[in-house]
Structure formats: C-alpha cells, structure tokens
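*Asks:* This one is entry-v9.cif, mmCIF, C-alpha atoms.
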data_my_file
#
loop_
_atom_site.group_PDB
_atom_site.id
_atom_site.type_symbol
_atom_site.label_atom_id
_atom_site.label_comp_id
_atom_site.auth_asym_id
_atom_site.auth_seq_id
_atom_site.Cartn_x
_atom_site.Cartn_y
_atom_site.Cartn_z
ATOM 1 C CA MET A 1 -8.340 9.148 -18.610
ATOM 2 C CA LEU A 2 -9.311 8.699 -14.940
ATOM 3 C CA ALA A 3 -7.758 12.052 -14.040
ATOM 4 C CA ARG A 4 -10.621 13.738 -15.897
ATOM 5 C CA LEU A 5 -13.110 12.545 -13.292
ATOM 6 C CA PRO A 6 -14.346 15.150 -10.822
ATOM 7 C CA LEU A 7 -12.110 15.639 -7.784
ATOM 8 C CA PRO A 8 -14.593 14.150 -5.266
ATOM 9 C CA TYR A 9 -14.552 10.833 -7.147
ATOM 10 C CA LEU A 10 -10.755 10.779 -7.147
ATOM 11 C CA LEU A 11 -10.688 11.578 -3.435
ATOM 12 C CA LEU A 12 -13.101 8.687 -2.869
ATOM 13 C CA MET A 13 -10.792 6.423 -4.887
ATOM 14 C CA ALA A 14 -7.809 7.453 -2.750
ATOM 15 C CA ALA A 15 -9.832 7.087 0.465
ATOM 16 C CA PHE A 16 -10.971 3.618 -0.606
ATOM 17 C CA ALA A 17 -7.388 2.554 -1.387
ATOM 18 C CA THR A 18 -6.261 3.846 2.018
ATOM 19 C CA PHE A 19 -9.184 2.130 3.761
ATOM 20 C CA VAL A 20 -8.444 -1.224 2.099
ATOM 21 C CA PHE A 21 -4.748 -0.957 2.988
ATOM 22 C CA CYS A 22 -5.449 -0.032 6.626
ATOM 23 C CA LEU A 23 -8.114 -2.732 6.959
ATOM 24 C CA TYR A 24 -5.689 -5.304 5.597
ATOM 25 C CA MET A 25 -2.960 -4.138 7.984
ATOM 26 C CA ASP A 26 -5.409 -4.321 10.901
ATOM 27 C CA ARG A 27 -6.512 -7.856 10.027
ATOM 28 C CA TRP A 28 -2.982 -8.926 9.168
ATOM 29 C CA LEU A 29 -0.970 -7.648 12.118
ATOM 30 C CA LYS A 30 -3.741 -7.250 14.715
ATOM 31 C CA MET A 31 -1.993 -4.253 16.277
ATOM 32 C CA PRO A 32 -4.120 -1.081 16.524
ATOM 33 C CA LYS A 33 -1.074 1.179 16.813
ATOM 34 C CA VAL A 34 0.296 -0.167 13.540
ATOM 35 C CA THR A 35 -3.078 0.400 11.872
ATOM 36 C CA VAL A 36 -3.139 4.040 12.977
ATOM 37 C CA MET A 37 0.486 4.425 11.905
ATOM 38 C CA SER A 38 -0.396 2.897 8.515
ATOM 39 C CA PHE A 39 -3.190 5.438 8.107
ATOM 40 C CA VAL A 40 -0.935 8.383 8.987
ATOM 41 C CA ILE A 41 1.790 7.126 6.641
ATOM 42 C CA SER A 42 -0.783 6.604 3.867
ATOM 43 C CA VAL A 43 -2.108 10.156 4.159
ATOM 44 C CA GLY A 44 1.466 11.475 4.273
ATOM 45 C CA CYS A 45 2.355 9.513 1.144
ATOM 46 C CA CYS A 46 -0.713 10.827 -0.668
ATOM 47 C CA VAL A 47 0.050 14.451 0.217
ATOM 48 C CA GLY A 48 3.728 13.914 -0.582
ATOM 49 C CA MET A 49 2.906 12.476 -3.986
ATOM 50 C CA ILE A 50 0.709 15.463 -4.795
ATOM 51 C CA VAL A 51 3.447 17.912 -3.761
ATOM 52 C CA VAL A 52 6.228 16.084 -5.611
ATOM 53 C CA GLY A 53 4.027 15.700 -8.693
ATOM 54 C CA GLY A 54 3.496 19.445 -8.774
ATOM 55 C CA LEU A 55 7.235 20.128 -8.490
ATOM 56 C CA GLN A 56 8.207 18.062 -11.537
ATOM 57 C CA TYR A 57 9.642 19.574 -14.716
ATOM 58 C CA ARG A 58 6.383 18.662 -16.439
ATOM 59 C CA PRO A 59 4.009 19.015 -13.462
ATOM 60 C CA TRP A 60 1.402 16.391 -12.751
ATOM 61 C CA SER A 61 -1.962 17.629 -11.552
ATOM 62 C CA PRO A 62 -3.295 16.577 -8.149
ATOM 63 C CA GLU A 63 -5.914 14.527 -9.990
ATOM 64 C CA GLN A 64 -3.228 12.522 -11.789
ATOM 65 C CA MET A 65 -1.328 11.971 -8.564
ATOM 66 C CA LEU A 66 -4.481 10.768 -6.783
ATOM 67 C CA VAL A 67 -4.967 8.159 -9.511
ATOM 68 C CA ALA A 68 -1.324 7.069 -9.215
ATOM 69 C CA TYR A 69 -1.581 6.911 -5.412
ATOM 70 C CA SER A 70 -4.780 4.848 -5.521
ATOM 71 C CA PHE A 71 -3.362 2.302 -7.930
ATOM 72 C CA GLY A 72 -0.040 2.097 -6.097
ATOM 73 C CA TRP A 73 -1.670 1.533 -2.715
ATOM 74 C CA VAL A 74 -4.052 -1.126 -4.031
ATOM 75 C CA GLY A 75 -1.051 -2.798 -5.699
ATOM 76 C CA LEU A 76 0.826 -2.810 -2.392
ATOM 77 C CA THR A 77 -2.150 -4.351 -0.616
ATOM 78 C CA ILE A 78 -2.481 -7.062 -3.265
ATOM 79 C CA GLY A 79 1.263 -7.703 -3.170
ATOM 80 C CA LEU A 80 1.242 -8.265 0.595
ATOM 81 C CA ILE A 81 -1.324 -11.070 0.371
ATOM 82 C CA PRO A 82 1.193 -13.919 -0.311
ATOM 83 C CA SER A 83 3.216 -13.070 2.814
ATOM 84 C CA TRP A 84 0.154 -13.133 5.048
ATOM 85 C CA LYS A 85 0.746 -16.490 6.748
ATOM 86 C CA PRO A 86 4.427 -16.102 7.705
ATOM 87 C CA VAL A 87 3.944 -12.560 8.984
ATOM 88 C CA LEU A 88 0.877 -13.597 10.966
ATOM 89 C CA LYS A 89 2.886 -16.439 12.533
ATOM 90 C CA TYR A 90 5.879 -14.227 13.329
ATOM 91 C CA GLY A 91 3.599 -11.487 14.680
ATOM 92 C CA GLU A 92 1.919 -13.931 17.036
ATOM 93 C CA GLU A 93 5.324 -15.144 18.228
ATOM 94 C CA TRP A 94 6.429 -11.527 18.722
ATOM 95 C CA ARG A 95 3.375 -10.775 20.890
ATOM 96 C CA GLN A 96 4.144 -13.883 22.975
ATOM 97 C CA GLY A 97 7.700 -12.677 23.558
ATOM 98 C CA VAL A 98 9.530 -15.067 21.231
ATOM 99 C CA ARG A 99 12.407 -13.316 19.446
ATOM 100 C CA ARG A 100 14.280 -14.922 16.582
ATOM 101 C CA GLU A 101 17.694 -14.188 15.178
ATOM 102 C CA LYS A 102 16.473 -14.537 11.601
ATOM 103 C CA TYR A 103 13.022 -14.638 10.036
ATOM 104 C CA GLU A 104 12.623 -16.871 6.999
ATOM 105 C CA TYR A 105 10.509 -15.774 4.047
ATOM 106 C CA SER A 106 10.221 -17.302 0.622
ATOM 107 C CA LYS A 107 11.495 -15.297 -2.313
ATOM 108 C CA TRP A 108 7.954 -15.093 -3.642
ATOM 109 C CA CYS A 109 6.860 -13.218 -0.489
ATOM 110 C CA ALA A 110 9.486 -10.580 -1.217
ATOM 111 C CA MET A 111 8.873 -10.391 -4.972
ATOM 112 C CA ALA A 112 5.058 -10.268 -4.914
ATOM 113 C CA PRO A 113 4.795 -6.674 -3.612
ATOM 114 C CA VAL A 114 7.445 -5.474 -6.055
ATOM 115 C CA ILE A 115 5.721 -7.083 -9.039
ATOM 116 C CA SER A 116 2.261 -6.004 -7.932
ATOM 117 C CA VAL A 117 3.188 -2.366 -7.233
ATOM 118 C CA THR A 118 5.105 -2.160 -10.519
ATOM 119 C CA LEU A 119 2.193 -3.509 -12.570
ATOM 120 C CA THR A 120 -0.446 -1.402 -10.857
ATOM 121 C CA GLY A 121 1.877 1.606 -11.003
ATOM 122 C CA PHE A 122 2.172 1.264 -14.778
ATOM 123 C CA LEU A 123 -1.591 0.813 -15.038
ATOM 124 C CA GLY A 124 -2.146 3.877 -12.858
ATOM 125 C CA PHE A 125 0.323 5.879 -14.980
ATOM 126 C CA ILE A 126 -1.469 4.900 -18.176
ATOM 127 C CA LEU A 127 -4.897 5.718 -16.744
ATOM 128 C CA ALA A 128 -3.694 9.004 -15.208
ATOM 129 C CA THR A 129 -2.373 10.425 -18.487
#
Kindly present the structure from the file in structure tokens form.

*Replies:*
Amino acid sequence: MLARLPLPYLLLMAAFATFVFCLYMDRWLKMPKVTVMSFVISVGCCVGMIVVGGLQYRPWSPEQMLVAYSFGWVGLTIGLIPSWKPVLKYGEEWRQGVRREKYEYSKWCAMAPVISVTLTGFLGFILAT
C-alpha cells in the first residue's frame, strides 16, 4: 500500500526515520561521534536492505524496502525509550572514568526493542505489500 507512493515521499519517510533515530541517539548518549556513527550505520542499513531485497527469490522493490526500513528504524527508536535512564546514567559514569564489571538492566529494557521492532516490522511488511 505505502510502496505505491512516489519515490520522493518514501525517501522522505526513510530520511525522517533516520533523523529521529540519530536525534534520539544524540540526546540519549550525548556523544557526537556516536551520532555520526549512527547516521553512517543507518544509511548503510538502508542501502543494504535495498540490495538484499532485490536479491531475494521473489524480489522486493526498493520502494517496499524503504517502507520496511522506515518502520523498522522507528520501531527501534521507540523500543530504546524504556532503557533511556539506565543508559544515560552509565554513559555519564563512563565519561567520568568509572568502569563497572557488570551493568544491570531490567528485562523490560532488553525486551522493549525486540517487541517494538517486531511489531513495527510486521506493520511495515503489511503496508509494504
């Protein structure tokens, strides 16, 4: 359904998803190098998804892969929200030079990204076909 939109709209969707993810990483970790690295990884993932989608037995169009990428990246950003406080605390300790043997996270912090990416991935799959 969404894959029928013109390509510029889909590119804007993917750019918006990347922007939101990079903005969240910048506000979350407060490390410019990590933000730039997140942007480079995001663009690499988008291009990789388009290439892999085209190599499938039943090829997916670049438009379909842009929809899947956009929904997956927004799902990852939403899933990282519950782990914001512990990561912010550990990041601040890391910048101050405090190193720990083990970092404690709740199980919900680990499960939230998995659940969120899975749900938005299914939604993106449905809307891309």

*Asks:* For Ser106 of chain A, please output as a list of chain:residue names all residues within 12 Å (counting all atoms listed in the file; exclusion window: fewer than 5 positions along the same chain).

*Replies:*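 Selected residues are A:Pro82, A:Ser83, A:Trp84, A:Lys85, A:Pro86, A:Val87, A:Met111, A:Ala112.
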
*Asks:* One decimal, Å: what's the distance from atom CA of Val43 of chain A over to atom CA of Ala110 of chain A, could you say?

*Replies:* 24.4 Å

*Asks:* Spell out the residues picked by the PyMOL selection byres ((chain A and resi 91-96) around 12) here, as JSON, numbers by chain.

*Replies:* {"A": [25, 27, 28, 29, 30, 31, 34, 83, 84, 85, 86, 87, 88, 89, 90, 97, 98, 99, 100, 103]}

*Asks:* Residues picked by the PyMOL selection byres ((chain A and resi 69) around 12) here, as an NGL selection string?

*Replies:* :A and (3 or 10-18 or 21 or 42-50 or 53 or 62-68 or 70-76 or 117 or 120-125 or 127-128)

*Asks:* How many Å lie between atom CA of Thr35 of chain A and atom CA of Val20 of chain A, rounded to one decimal?

*Replies:*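 Atom CA of Thr35 of chain A sits 11.3 Å away from atom CA of Val20 of chain A.
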
*Asks:* Report, in Å to a single decimal, how far apart atom CA of Asp26 of chain A and atom CA of Trp108 of chain A are.

*Replies:*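 Going from atom CA of Trp108 of chain A over to atom CA of Asp26 of chain A, I get 22.5 Å.
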
*Asks:* Check the smallest atom-to-atom distance from each of A:Thr129, A:Gln56, A:Thr77, A:Thr118 to Cys22 of chain A using all atoms listed in the file, then report the winner.

*Replies:*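 Counting all atoms listed in the file, the residue closest to Cys22 of chain A is A:Thr77.
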